[in-house]
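The file coords_33.txt contains compact mmCIF, C-alpha atoms:
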```txt
# COMPACT_ATOMS: atom_id res chain seq x y z
CA MET T 1 121.92 140.16 134.28
CA ARG T 2 119.30 141.00 131.69
CA GLY T 3 121.99 141.74 129.12
CA PHE T 4 123.19 138.11 129.26
CA ALA T 5 119.78 136.47 129.14
CA ARG T 6 118.88 137.35 125.54
CA PRO T 7 122.10 136.10 123.88
CA LEU T 8 121.95 132.99 126.06
CA PHE T 9 118.38 132.29 124.94
CA VAL T 10 119.37 132.77 121.29
CA LEU T 11 122.38 130.50 121.80
CA GLY T 12 120.12 127.81 123.30
CA LEU T 13 117.67 128.24 120.45
CA LEU T 14 120.40 127.83 117.82
CA CYS T 15 121.90 124.85 119.62
CA GLY T 16 118.46 123.22 119.90
CA SER T 17 117.35 123.76 116.31
CA LEU T 18 120.66 123.23 114.50
CA GLY T 19 121.61 120.37 116.80
CA THR T 20 118.32 118.58 116.11
CA LEU T 21 118.61 119.08 112.35
CA ALA T 22 122.25 117.94 112.42
CA LEU T 23 121.28 114.88 114.45
CA VAL T 24 118.54 113.99 111.98
CA THR T 25 120.85 114.46 108.99
CA LEU T 26 124.20 113.14 110.16
CA VAL T 27 123.23 110.10 112.22
CA ASN T 28 122.77 106.86 110.27
CA TRP T 29 119.33 105.90 111.49
CA VAL T 30 119.30 102.81 109.30
CA ASP T 31 122.46 100.75 109.56
CA HIS T 32 122.08 97.18 108.36
CA PRO T 33 124.52 94.49 109.43
CA ARG T 34 126.96 93.69 106.67
CA PRO T 35 128.70 90.34 107.07
CA ARG T 36 132.01 89.92 105.29
CA ALA T 37 131.42 88.98 101.65
CA HIS T 38 133.33 85.88 100.52
CA VAL T 39 134.13 87.06 97.02
CA SER T 40 136.90 85.74 94.78
CA VAL T 41 138.05 88.21 92.15
CA LEU T 42 138.96 86.61 88.84
CA PRO T 43 141.34 88.76 86.75
CA ASN T 44 139.45 90.26 83.79
CA GLU T 45 136.42 88.07 84.48
CA GLY T 46 134.58 89.53 87.47
CA ALA T 47 133.79 88.54 91.03
CA LEU T 48 132.80 85.01 91.98
CA GLU T 49 130.52 84.42 94.96
CA GLN T 50 128.71 81.35 96.17
CA PHE T 51 125.39 81.33 98.00
CA VAL T 52 123.95 78.25 99.67
CA ILE T 53 120.46 77.22 100.79
CA ARG T 54 120.04 74.23 103.07
CA LEU T 55 116.87 72.25 102.65
CA PRO T 56 114.54 71.90 104.40
CA ARG T 57 115.66 74.23 107.23
CA ASP T 58 116.02 77.39 105.10
CA ARG T 59 112.56 77.16 103.52
CA ILE T 60 110.27 80.11 104.24
CA LEU T 61 107.65 79.47 101.57
CA ASP T 62 106.91 76.82 98.98
CA SER T 63 103.70 77.20 97.00
CA GLY T 64 103.98 73.46 96.26
CA HIS T 65 103.17 71.41 93.21
CA ALA T 66 99.78 69.93 92.34
CA SER T 67 101.32 66.46 92.68
CA GLY T 68 102.26 67.17 96.31
CA LEU T 69 105.97 66.99 95.51
CA PRO T 70 107.33 69.36 96.62
CA SER T 71 104.71 69.94 99.26
CA ARG T 72 103.22 73.29 100.21
CA TYR T 73 105.02 75.06 103.05
CA PRO T 74 104.15 76.33 105.62
CA ALA T 75 101.41 73.72 105.97
CA ASP T 76 98.89 76.38 107.02
CA LEU T 77 99.58 78.54 103.96
CA VAL T 78 96.27 79.20 102.22
CA LEU T 79 96.30 79.78 98.46
CA PRO T 80 93.28 79.96 96.15
CA GLU T 81 92.38 76.59 94.66
CA ASP T 82 93.50 76.11 91.04
CA ALA T 83 94.84 79.66 90.79
CA LEU T 84 98.09 80.13 88.87
CA PRO T 85 98.71 76.44 88.07
CA ASP T 86 101.81 77.20 85.99
CA LEU T 87 103.64 79.09 88.74
CA HIS T 88 105.86 77.78 91.51
CA ILE T 89 106.97 80.23 94.20
CA GLU T 90 109.61 79.65 96.84
CA HIS T 91 111.23 81.84 99.50
CA PHE T 92 114.38 80.84 101.37
CA LYS T 93 116.90 82.10 103.85
CA LEU T 94 120.19 82.54 102.04
CA ARG T 95 123.64 81.63 103.36
CA ASP T 96 127.17 82.45 102.32
CA ARG T 97 129.63 79.66 101.54
CA GLU T 98 130.58 79.53 105.24
CA GLY T 99 127.00 78.74 106.17
CA GLU T 100 126.09 82.06 107.80
CA VAL T 101 122.61 83.39 107.01
CA ILE T 102 123.18 86.62 105.08
CA GLY T 103 119.94 87.30 103.23
CA VAL T 104 116.56 86.20 101.95
CA ALA T 105 115.86 84.86 98.46
CA ALA T 106 112.67 84.54 96.42
CA ARG T 107 112.38 82.19 93.45
CA HIS T 108 109.60 82.03 90.86
CA SER T 109 109.36 79.52 88.07
CA GLN T 110 106.75 79.71 85.38
CA ARG T 111 105.83 77.41 82.53
CA LEU T 112 105.06 79.47 79.47
CA ASP T 113 104.41 77.92 76.07
CA ASP T 114 106.86 75.02 75.79
CA SER T 115 109.54 76.26 78.15
CA ALA T 116 109.98 76.99 81.84
CA HIS T 117 111.64 80.15 83.14
CA ALA T 118 112.91 80.90 86.61
CA ALA T 119 113.87 84.10 88.42
CA TRP T 120 115.58 84.86 91.69
CA VAL T 121 115.84 87.91 93.92
CA LEU T 122 118.71 87.56 96.39
CA TYR T 123 118.33 90.31 99.00
CA LEU T 124 121.38 90.95 101.18
CA PRO T 125 120.80 93.72 103.75
CA GLY T 126 123.63 96.23 103.62
CA ARG T 127 124.53 95.25 100.06
CA GLY T 128 121.27 95.35 98.11
CA SER T 129 119.46 92.93 95.87
CA LEU T 130 120.69 90.83 92.99
CA LEU T 131 118.29 89.86 90.19
CA LEU T 132 118.87 86.57 88.36
CA ASN T 133 116.92 84.76 85.67
CA HIS T 134 117.37 81.63 83.61
CA ARG T 135 115.67 79.08 81.41
CA GLU T 136 114.99 75.88 83.34
CA ALA T 137 116.83 72.73 82.33
CA ASN T 138 114.77 69.59 81.56
CA GLY T 139 111.46 71.04 82.68
CA GLY T 140 112.56 71.87 86.22
CA LEU T 141 112.69 70.04 89.52
CA ASN T 142 109.26 68.48 89.43
CA ALA T 143 109.86 66.95 86.00
CA GLU T 144 113.15 65.51 87.29
CA LEU T 145 111.46 64.05 90.39
CA ALA T 146 108.78 62.50 88.19
CA ARG T 147 111.47 61.01 85.90
CA ARG T 148 112.97 59.35 88.99
CA ASN T 149 109.56 57.94 89.93
CA LEU T 150 109.42 59.91 93.16
CA ARG T 151 105.90 60.29 94.46
CA ALA T 152 104.33 62.30 97.24
CA GLY T 153 103.89 60.24 100.40
CA ALA T 154 106.71 57.88 99.48
CA PRO T 155 109.95 58.88 101.20
CA TRP T 156 113.10 58.57 99.13
CA GLU T 157 116.77 58.29 100.09
CA GLY T 158 119.47 58.78 97.52
CA GLU T 159 121.53 61.42 95.88
CA PHE T 160 121.36 63.38 92.69
CA THR T 161 122.63 66.66 91.36
CA LEU T 162 120.60 68.83 89.06
CA GLN T 163 121.93 71.94 87.37
CA ARG T 164 118.79 73.91 86.76
CA THR T 165 120.24 76.73 84.67
CA ALA T 166 120.06 76.13 80.91
CA GLY T 167 120.41 79.67 79.53
CA ALA T 168 119.59 82.49 78.87
CA ILE T 169 123.26 82.96 78.07
CA PRO T 170 125.69 80.46 76.51
CA GLU T 171 127.19 77.48 78.36
CA GLY T 172 123.93 76.90 80.19
CA ARG T 173 124.34 79.79 82.60
CA GLY T 174 121.65 82.13 83.82
CA GLN T 175 121.78 85.88 83.44
CA ILE T 176 122.40 88.49 86.16
CA ARG T 177 120.21 91.55 85.58
CA GLY T 178 121.61 94.03 88.08
CA GLY T 179 119.63 94.89 91.18
CA SER T 180 119.83 97.60 93.80
CA GLN T 181 122.55 99.42 95.76
CA GLU T 182 125.96 97.82 95.15
CA PHE T 183 124.52 95.50 92.49
CA ALA T 184 122.62 98.19 90.56
CA ARG T 185 125.20 98.34 87.77
CA HIS T 186 126.22 94.70 87.73
CA GLY T 187 125.62 92.10 85.09
CA GLY T 188 127.10 88.66 84.66
CA SER T 189 126.07 85.04 84.84
CA TYR T 190 125.31 82.31 87.37
CA THR T 191 124.57 78.66 87.88
CA GLU T 192 121.92 77.13 90.13
CA THR T 193 122.63 73.59 91.27
CA TRP T 194 120.41 71.40 93.46
CA ARG T 195 122.11 68.55 95.33
CA LEU T 196 119.34 66.44 96.82
CA THR T 197 119.89 63.66 99.32
CA GLY T 198 116.30 62.68 99.93
CA VAL T 199 112.64 63.56 100.06
CA ASP T 200 110.65 62.90 103.23
CA ALA T 201 107.14 61.46 103.52
CA GLU T 202 105.69 64.98 103.66
CA GLY T 203 107.21 65.81 100.26
CA ARG T 204 110.00 68.03 101.62
CA PRO T 205 113.23 67.85 99.62
CA ARG T 206 116.46 67.55 101.61
CA GLY T 207 119.84 68.78 100.41
CA THR T 208 121.38 72.04 99.26
CA ILE T 209 120.86 74.62 96.56
CA GLU T 210 124.04 76.32 95.39
CA ILE T 211 123.98 79.55 93.45
CA GLU T 212 127.32 80.63 92.04
CA THR T 213 127.38 84.16 90.65
CA LEU T 214 129.99 85.76 88.43
CA THR T 215 129.28 89.49 88.59
CA VAL T 216 130.78 92.08 86.28
CA LEU T 217 130.46 95.84 86.64
CA GLN T 218 128.62 97.18 83.59
CA PRO T 219 129.86 100.34 81.85
CA MET M 1 120.73 128.97 137.81
CA LYS M 2 118.65 131.59 136.07
CA TYR M 3 121.01 131.60 133.07
CA LEU M 4 120.81 127.82 132.83
CA ALA M 5 117.01 128.03 132.80
CA VAL M 6 117.16 130.66 130.04
CA PHE M 7 119.55 128.50 127.97
CA LEU M 8 117.42 125.38 128.43
CA THR M 9 114.27 127.28 127.45
CA GLY M 10 116.04 128.45 124.29
CA LEU M 11 117.20 124.88 123.65
CA LEU M 12 113.66 123.50 123.96
CA VAL M 13 112.22 126.20 121.70
CA GLY M 14 115.00 125.42 119.20
CA VAL M 15 114.16 121.70 119.25
CA ALA M 16 110.48 122.58 118.73
CA ILE M 17 111.33 124.83 115.77
CA ALA M 18 113.48 122.05 114.23
CA ALA M 19 110.63 119.55 114.73
CA ALA M 20 108.22 121.97 113.03
CA ILE M 21 110.66 122.39 110.12
CA LEU M 22 110.88 118.60 109.74
CA TRP M 23 107.09 118.30 109.97
CA ILE M 24 106.33 120.77 107.18
CA ASN M 25 109.54 120.20 105.21
CA PRO M 26 108.55 119.90 101.54
CA LEU M 27 111.83 118.14 100.61
CA SER M 28 110.85 114.97 102.46
CA GLY M 29 107.12 115.17 101.70
CA GLU M 30 105.11 113.62 98.91
CA PRO M 31 105.65 115.33 95.54
CA ARG M 32 102.51 116.92 94.15
CA GLN M 33 102.55 114.83 90.99
CA ALA M 34 102.87 111.08 90.58
CA PRO M 35 105.53 109.92 88.12
CA LEU M 36 104.46 110.25 84.49
CA LEU M 37 103.89 106.91 82.82
CA MET M 38 105.87 106.16 79.69
CA HIS M 39 104.20 105.89 76.31
CA GLY M 40 103.42 102.23 75.74
CA VAL M 41 101.34 99.57 77.44
CA SER M 42 100.16 99.88 81.05
CA ALA M 43 98.42 97.34 83.23
CA ASP M 44 96.81 97.90 86.63
CA PHE M 45 96.69 95.40 89.46
CA HIS M 46 95.54 95.58 93.01
CA THR M 47 96.13 93.72 96.22
CA SER M 48 95.78 94.43 99.92
CA LEU M 49 96.88 93.45 103.41
CA ARG M 50 94.00 90.94 103.74
CA ALA M 51 94.97 87.30 104.11
CA GLU M 52 93.34 86.38 100.79
CA ASP M 53 95.61 88.89 99.01
CA LEU M 54 98.75 88.57 101.14
CA PRO M 55 98.91 84.89 102.12
CA LEU M 56 102.45 85.14 103.47
CA LEU M 57 104.28 87.89 105.30
CA THR M 58 107.27 87.42 107.54
CA HIS M 59 109.83 89.60 109.31
CA SER M 60 111.96 89.52 112.44
CA GLY M 61 108.94 89.33 114.72
CA GLY M 62 109.95 92.57 116.40
CA ARG M 63 107.78 94.81 114.24
CA ARG M 64 104.17 95.85 114.49
CA LEU M 65 103.00 94.25 111.23
CA VAL M 66 101.15 90.99 111.56
CA MET M 67 102.92 87.84 110.28
CA ARG M 68 101.07 85.08 108.46
CA PRO M 69 100.42 82.23 108.26
CA GLU M 70 100.83 81.39 111.93
CA SER M 71 103.65 78.90 111.40
CA VAL M 72 105.70 81.03 108.99
CA PRO M 73 109.41 81.07 109.95
CA GLU M 74 110.60 84.37 111.40
CA LEU M 75 113.60 86.20 109.96
CA TRP M 76 115.19 86.17 113.40
CA GLU M 77 118.87 86.00 112.43
CA LYS M 78 120.60 89.32 113.18
CA THR M 79 121.87 89.65 109.61
CA ILE M 80 118.37 89.50 108.11
CA GLU M 81 116.43 91.28 110.86
CA PRO M 82 115.96 94.41 108.71
CA LEU M 83 114.08 92.48 106.00
CA ASP M 84 110.47 91.62 105.46
CA ALA M 85 109.32 89.19 102.81
CA GLY M 86 105.86 88.65 101.44
CA MET M 87 103.91 86.87 98.75
CA LEU M 88 101.08 88.86 97.18
CA LEU M 89 98.29 87.79 94.88
CA LEU M 90 97.65 90.33 92.13
CA ARG M 91 94.07 90.90 91.02
CA ASP M 92 92.60 92.61 87.99
CA ALA M 93 89.77 95.15 88.10
CA ASP M 94 87.21 92.31 88.40
CA GLY M 95 88.99 90.83 91.42
CA ASN M 96 90.33 87.78 89.58
CA VAL M 97 93.78 86.54 90.58
CA VAL M 98 95.93 87.13 87.49
CA GLY M 99 99.38 86.91 88.96
CA THR M 100 101.54 86.83 92.01
CA ALA M 101 104.46 88.77 93.35
CA SER M 102 107.23 88.18 95.85
CA ARG M 103 108.41 91.32 97.60
CA ILE M 104 111.49 91.58 99.82
CA ALA M 105 112.00 94.95 101.46
CA ALA M 106 114.12 96.84 103.98
CA ALA M 107 114.44 100.41 105.21
CA SER M 108 116.99 102.23 103.09
CA ARG M 109 120.30 103.37 104.50
CA GLU M 110 119.71 106.62 102.59
CA THR M 111 116.83 107.51 104.88
CA ASP M 112 117.19 111.19 105.81
CA LEU M 113 114.25 113.06 107.29
CA LEU M 114 115.59 116.45 106.27
CA GLN M 115 116.08 115.82 102.56
CA ARG M 116 114.61 112.52 101.45
CA GLY M 117 112.20 111.13 104.03
CA ILE M 118 111.89 107.57 105.37
CA LEU M 119 112.88 105.42 102.43
CA VAL M 120 111.99 101.76 101.93
CA ASP M 121 113.76 99.75 99.22
CA SER M 122 112.04 96.70 97.80
CA SER M 123 112.80 94.14 95.13
CA TRP M 124 110.07 92.14 93.47
CA ILE M 125 109.48 89.21 91.18
CA ILE M 126 106.15 89.60 89.42
CA SER M 127 104.63 86.63 87.58
CA LEU M 128 101.55 87.24 85.46
CA ASP M 129 99.62 84.15 84.47
CA GLY M 130 100.04 83.42 80.77
CA VAL M 131 101.94 86.67 80.18
CA GLY M 132 105.40 86.37 81.69
CA MET M 133 107.62 87.41 84.53
CA ALA M 134 109.36 90.65 85.47
CA PHE M 135 111.60 92.06 88.17
CA ALA M 136 110.85 95.35 89.85
CA VAL M 137 113.15 97.44 92.01
CA GLN M 138 111.44 100.18 93.94
CA ARG M 139 112.17 102.91 96.45
CA GLU M 140 109.31 104.51 98.36
CA ASN M 141 109.15 107.36 100.86
CA ILE M 142 106.72 106.44 103.65
CA TRP M 143 107.32 109.61 105.70
CA PRO M 144 104.13 111.36 104.46
CA MET M 145 102.05 108.35 105.62
CA VAL M 146 103.88 108.18 108.96
CA ARG M 147 103.49 111.94 109.52
CA GLN M 148 99.85 112.16 108.50
CA ILE M 149 98.46 108.96 109.99
CA ALA M 150 100.86 106.85 112.04
CA LEU M 151 102.47 109.47 114.32
CA PRO M 152 99.15 111.06 115.38
CA ALA M 153 97.69 107.57 116.01
CA TRP M 154 100.72 106.54 118.08
CA LEU M 155 100.71 109.78 120.06
CA ARG M 156 96.97 109.58 120.78
CA ARG M 157 97.07 105.78 121.18
CA GLU M 158 93.88 105.60 119.21
CA PRO M 159 93.11 103.70 116.00
CA TRP M 160 92.60 105.81 112.89
CA GLN M 161 89.82 105.22 110.39
CA GLY M 162 89.13 107.14 107.22
CA GLU M 163 90.40 107.08 103.67
CA THR M 164 93.54 108.61 102.29
CA GLY M 165 95.79 107.91 99.34
CA PHE M 166 99.56 107.98 98.90
CA THR M 167 101.86 107.58 95.93
CA PRO M 168 105.19 107.25 97.70
CA ALA M 169 107.30 106.57 94.57
CA ALA M 170 110.89 107.72 95.10
CA GLY M 171 112.89 105.83 92.49
CA PRO M 172 115.24 104.42 91.49
CA ARG M 173 114.32 105.76 88.02
CA GLU M 174 114.92 109.44 87.44
CA ASP M 175 111.16 109.98 87.04
CA ARG M 176 110.79 108.51 90.60
CA ALA M 177 109.03 105.39 89.32
CA GLY M 178 110.27 101.94 90.22
CA ARG M 179 112.23 100.07 87.58
CA LEU M 180 110.55 97.12 85.84
CA LEU M 181 112.74 94.60 84.01
CA GLY M 182 111.02 92.01 81.87
CA ILE M 183 112.18 88.39 82.10
CA SER M 184 110.04 86.12 79.99
CA GLY M 185 107.01 85.84 77.69
CA GLY M 186 105.52 89.10 76.47
CA LEU M 187 107.60 91.06 78.97
CA ALA M 188 110.98 89.60 77.96
CA GLY M 189 113.70 92.22 77.64
CA LEU M 190 111.45 95.20 78.34
CA ASP M 191 112.59 98.05 80.58
CA GLY M 192 109.62 99.80 82.14
CA GLN M 193 108.12 101.44 85.21
CA MET M 194 106.25 100.31 88.29
CA VAL M 195 104.33 102.79 90.44
CA GLY M 196 102.47 101.80 93.59
CA ASN M 197 99.46 103.81 94.78
CA TYR M 198 98.26 103.08 98.31
CA ARG M 199 94.83 103.60 99.81
CA LEU M 200 94.81 103.47 103.61
CA ARG M 201 91.49 102.99 105.40
CA ALA M 202 92.46 101.96 108.93
CA PHE M 203 95.53 102.17 111.14
CA ASP M 204 95.94 100.58 114.55
CA PRO M 205 98.74 101.98 116.73
CA ALA M 206 99.47 98.48 118.05
CA ILE M 207 99.77 96.61 114.72
CA GLY M 208 100.13 99.30 112.04
CA PRO M 209 97.98 99.54 108.92
CA THR M 210 95.03 97.16 109.05
CA ALA M 211 93.16 98.13 105.88
CA LEU M 212 95.59 99.02 103.12
CA GLU M 213 95.15 98.53 99.39
CA TRP M 214 97.92 98.65 96.83
CA HIS M 215 97.15 99.59 93.27
CA GLY M 216 100.17 98.98 91.08
CA VAL M 217 100.66 100.25 87.58
CA LEU M 218 103.16 98.43 85.39
CA SER M 219 104.11 100.32 82.30
CA VAL M 220 106.36 99.16 79.48
CA PRO M 221 107.28 100.56 76.09
CA GLN M 222 105.20 99.15 73.26
CA PRO M 223 106.49 95.57 72.99
CA GLU M 224 106.96 93.62 69.83
CA VAL M 225 104.54 90.88 70.78
CA PRO M 226 105.06 87.48 69.25
CA GLU M 227 101.89 86.01 67.82
CA GLY M 228 99.77 84.21 70.38
CA VAL M 229 101.24 86.00 73.41
CA SER M 230 99.28 88.75 75.10
CA ALA M 231 101.41 91.58 76.51
CA SER M 232 98.81 93.21 78.66
CA ARG M 233 95.68 92.27 80.46
```
In C-alpha cells, how does this file's structure come out?
Amino acid sequence: MRGFARPLFVLGLLCGSLGTLALVTLVNWVDHPRPRAHVSVLPNEGALEQFVIRLPRDRILDSGHASGLPSRYPADLVLPEDALPDLHIEHFKLRDREGEVIGVAARHSQRLDDSAHAAWVLYLPGRGSLLLNHREANGGLNAELARRNLRAGAPWEGEFTLQRTAGAIPEGRGQIRGGSQEFARHGGSYTETWRLTGVDAEGRPRGTIEIETLTVLQP
Amino acid sequence: MKYLAVFLTGLLVGVAIAAAILWINPLSGEPRQAPLLMHGVSADFHTSLRAEDLPLLTHSGGRRLVMRPESVPELWEKTIEPLDAGMLLLRDADGNVVGTASRIAAASRETDLLQRGILVDSSWIISLDGVGMAFAVQRENIWPMVRQIALPAWLRREPWQGETGFTPAAGPREDRAGRLLGISGGLAGLDGQMVGNYRLRAFDPAIGPTALEWHGVLSVPQPEVPEGVSASR
C-alpha cells in the first residue's frame, strides 16, 4: 500500500500544478464578441467599410457648444466653466451598415489658428481601434448650423447633408492613421458625412453620421 | 479510498504550488525600470478618478467602477460590453486644465497570467489647448496592481488605504511605452511615446480604486515648430 501512495501523491501534484498552469495559459480568458464585418474588398484599392451613428440615440457624450447648439449631453455632465473653449468632444455608439451596435467612437474637433481639425477613435472589440483624422470642411458643424440660422431653443425640421472631411489627403478625404490589433498596420482614407433631418428644442441634432473607410495594409 | 485521498492531497498541493508560481512570477510582474523616454520634448500631465478630473465614465454597468454622470448611457449592448469609455481633463503641475482626453479601453485578448499579465488595451485622443491633438495607443499590465492591492482587499473584504505607485506600460512600442501619433498643430506628424504612471491611495473592494492619480508623460522627438506655435507646455 505504502509503495503506491508516494507515486500517486506525485502524480496528483503534477496534475494539479501543470493542469493549473495549462489552464491559465491555454484558456482564452478574454474573448470579445466579434460581429461579422461588412467589408467590401476593392481590387488593388483596399477594403471598404461603412460605419453609422444614429442621432440622437447613439450619443454618449457631447461637450456642447457655447451657443447651446449642439447642447451638452448628458444634461448632468459637469465641465469647468470657460475651460477649453476651442475643443468639442463627442462620444457615440457605433453601428455597422446593418444597424447593429459594434463599437464605441470618440470624436474631438479643435480650432487651431485659422483651421479646424477633427479626430476619431473607432473602437471595435475583437478587432481593435481605428484612428482617423481630417481637416474640417467649412468650419465644422456649428458654423454650418449658424449659416442656416439655426439657434438653440428654436426647433428646426428640414434636411441637409454635410461632408465634414476636407483633407488631410487629396479629394477631400480624411486620413487613416492605423490603430491597434487588426488595424495596427493599416492606412487609407475616409469620409465623414452628416445627414441631419432636424434639431430639437433642446439643441439635439437628429439624423445620421456615416463614416466610410477605405483601409489599405501598409508595407 | 485512501489512494483517492492521497491523489487529491497531491492535486491540491500542486494547485497551491502553481498559484504560488503565478503570484511571484517575474514574467507577468512589473518590470524594474520604466520605459526610457526618447530624446526630444516631454510634457507631464495629471488627472485622477475624481469627478472634476473624470467628468464622464461609462461601461456595461456590470463592473465595479463607478459610472458618471448619473444619466450617462450604459454600454449595455453585448457587442460593446467589454469596453469602457471616459473623458478626462488633463492638468499641468499647477492644476490648471490644459487639455482633455478621450480614452476607450478593453481587456486585451492577449491576457496571459503566466507570461504577460492582465493586459488592458486603450486608445486615446488627446487635445491640448492651443497646442494640437494626438492619438495614443497603449497597452498596460494591471496584474501587479491586482496582485498587490486588489486581490488582498477582495479576499479580506476590507478597503485598502496607503500609497503605492505603478508604471504598468506594456506597449505597443518595443520600449513598452504607448505610441503617440501627432495630428495637428505643434504635434502634427510626430511619432512619440506616452507613459502612464499611477499613484493609488485607496481601494474599496466593492467599487475598485477610489483614489487614483494618473501622471502621463508625452514625449516626442524635437519638432520643427512653426513660428507662433508652442510644442510643449
May I have the centre and edge lengths, in Å to one decimal, of an axis-aligned box around the listed atoms of stretch 36-52 of chain M with 4 Å added to every side, as lines of an AutoDock Vina configuration file?
```
center_x = 99.6
center_y = 98.3
center_z = 89.9
size_x = 20.5
size_y = 31.9
size_z = 36.4
```
Å distance separating atom CA of M:Pro209 from atom CA of M:Arg91, one decimal place: 20.3 Å
Test item: residues at most 10 Å from M:Asp44, only C-alpha atoms, excluding those fewer than 4 positions along its chain, as a PyMOL selection string: chain M and resi 90-93+194-196+215-219+232-233
One-decimal distance in Å that lies between atom CA of T:Ala119 and atom CA of T:Ala37: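 That distance, rounded to one decimal, is 22.5 Å.
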Atom-to-atom span, atom CA of T:Gln110 and atom CA of M:Ser102, Å: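 Distance reported for this atom pair: 13.5 Å.
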Best match for closeness to M:Leu119 among M:Gly192, M:Gly165, M:Pro159, M:Gly29, counting only C-alpha atoms: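 For M:Leu119, the nearest of the given residues is M:Gly29.
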Residues of chain M near chain T: apply a cut-off of 8 Å, count all atoms listed in the file, and supply the list as a PDB file with C-alpha atoms, in the coordinates of the input.
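Dumped everything to part.pdb:
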```pdb
ATOM      1  CA  TYR M   3     121.010 131.600 133.070  1.00  0.00           C
ATOM      2  CA  VAL M   6     117.160 130.660 130.040  1.00  0.00           C
ATOM      3  CA  PHE M   7     119.550 128.500 127.970  1.00  0.00           C
ATOM      4  CA  LEU M   8     117.420 125.380 128.430  1.00  0.00           C
ATOM      5  CA  THR M   9     114.270 127.280 127.450  1.00  0.00           C
ATOM      6  CA  GLY M  10     116.040 128.450 124.290  1.00  0.00           C
ATOM      7  CA  LEU M  11     117.200 124.880 123.650  1.00  0.00           C
ATOM      8  CA  LEU M  12     113.660 123.500 123.960  1.00  0.00           C
ATOM      9  CA  VAL M  13     112.220 126.200 121.700  1.00  0.00           C
ATOM     10  CA  GLY M  14     115.000 125.420 119.200  1.00  0.00           C
ATOM     11  CA  VAL M  15     114.160 121.700 119.250  1.00  0.00           C
ATOM     12  CA  ALA M  16     110.480 122.580 118.730  1.00  0.00           C
ATOM     13  CA  ILE M  17     111.330 124.830 115.770  1.00  0.00           C
ATOM     14  CA  ALA M  18     113.480 122.050 114.230  1.00  0.00           C
ATOM     15  CA  ALA M  19     110.630 119.550 114.730  1.00  0.00           C
ATOM     16  CA  GLU M  52      93.340  86.380 100.790  1.00  0.00           C
ATOM     17  CA  PRO M  55      98.910  84.890 102.120  1.00  0.00           C
ATOM     18  CA  LEU M  56     102.450  85.140 103.470  1.00  0.00           C
ATOM     19  CA  PRO M  69     100.420  82.230 108.260  1.00  0.00           C
ATOM     20  CA  GLU M  70     100.830  81.390 111.930  1.00  0.00           C
ATOM     21  CA  SER M  71     103.650  78.900 111.400  1.00  0.00           C
ATOM     22  CA  VAL M  72     105.700  81.030 108.990  1.00  0.00           C
ATOM     23  CA  PRO M  73     109.410  81.070 109.950  1.00  0.00           C
ATOM     24  CA  GLU M  77     118.870  86.000 112.430  1.00  0.00           C
ATOM     25  CA  LYS M  78     120.600  89.320 113.180  1.00  0.00           C
ATOM     26  CA  THR M  79     121.870  89.650 109.610  1.00  0.00           C
ATOM     27  CA  ILE M  80     118.370  89.500 108.110  1.00  0.00           C
ATOM     28  CA  PRO M  82     115.960  94.410 108.710  1.00  0.00           C
ATOM     29  CA  LEU M  83     114.080  92.480 106.000  1.00  0.00           C
ATOM     30  CA  ALA M  85     109.320  89.190 102.810  1.00  0.00           C
ATOM     31  CA  VAL M  97      93.780  86.540  90.580  1.00  0.00           C
ATOM     32  CA  VAL M  98      95.930  87.130  87.490  1.00  0.00           C
ATOM     33  CA  GLY M  99      99.380  86.910  88.960  1.00  0.00           C
ATOM     34  CA  SER M 102     107.230  88.180  95.850  1.00  0.00           C
ATOM     35  CA  ILE M 104     111.490  91.580  99.820  1.00  0.00           C
ATOM     36  CA  ALA M 106     114.120  96.840 103.980  1.00  0.00           C
ATOM     37  CA  ALA M 107     114.440 100.410 105.210  1.00  0.00           C
ATOM     38  CA  SER M 108     116.990 102.230 103.090  1.00  0.00           C
ATOM     39  CA  ARG M 109     120.300 103.370 104.500  1.00  0.00           C
ATOM     40  CA  GLU M 110     119.710 106.620 102.590  1.00  0.00           C
ATOM     41  CA  THR M 111     116.830 107.510 104.880  1.00  0.00           C
ATOM     42  CA  ASP M 112     117.190 111.190 105.810  1.00  0.00           C
ATOM     43  CA  LEU M 113     114.250 113.060 107.290  1.00  0.00           C
ATOM     44  CA  LEU M 114     115.590 116.450 106.270  1.00  0.00           C
ATOM     45  CA  SER M 123     112.800  94.140  95.130  1.00  0.00           C
ATOM     46  CA  TRP M 124     110.070  92.140  93.470  1.00  0.00           C
ATOM     47  CA  ILE M 125     109.480  89.210  91.180  1.00  0.00           C
ATOM     48  CA  SER M 127     104.630  86.630  87.580  1.00  0.00           C
ATOM     49  CA  ASP M 129      99.620  84.150  84.470  1.00  0.00           C
ATOM     50  CA  GLY M 130     100.040  83.420  80.770  1.00  0.00           C
ATOM     51  CA  VAL M 131     101.940  86.670  80.180  1.00  0.00           C
ATOM     52  CA  GLY M 132     105.400  86.370  81.690  1.00  0.00           C
ATOM     53  CA  MET M 133     107.620  87.410  84.530  1.00  0.00           C
ATOM     54  CA  PHE M 135     111.600  92.060  88.170  1.00  0.00           C
ATOM     55  CA  VAL M 137     113.150  97.440  92.010  1.00  0.00           C
ATOM     56  CA  ILE M 183     112.180  88.390  82.100  1.00  0.00           C
ATOM     57  CA  SER M 184     110.040  86.120  79.990  1.00  0.00           C
ATOM     58  CA  GLY M 185     107.010  85.840  77.690  1.00  0.00           C
TER      59      GLY M 185
END
```
Test item: residues at most 7 Å from M:Thr164, all atoms listed in the file, excluding those fewer than 2 positions along its chain, as a count of residues only: 5
Selected residue of minimal separation from M:Thr210 among M:Arg50, M:Leu22, M:Lys2, M:Arg63, counting only C-alpha atoms: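 Checking each candidate against M:Thr210, we get M:Arg50 as the closest.
Nearest residue to M:Ala188 among T:Ala66, T:Ala168, T:Val41, T:Leu217 is T:Ala168, counting all atoms listed in the file.
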Using only C-alpha atoms: which of T:Ala146, T:Ala137, T:Leu48, T:Val216 has the shortest distance to T:Glu182: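 Closest to T:Glu182 of all the choices is T:Val216.
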Polymer residues at most 7 Å from T:Glu210, all atoms listed in the file, same-chain spacing of 5 or more positions, as a list in words: Gln50, Phe51, Val52, Ile53, Glu192, Thr193 and Trp194 of chain T
Counting only C-alpha atoms, the option among T:Arg97, T:Arg36, T:Arg54, T:Arg151 closest to T:Asp200: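 Once distances to T:Asp200 are computed over only C-alpha atoms, the minimum belongs to T:Arg151.
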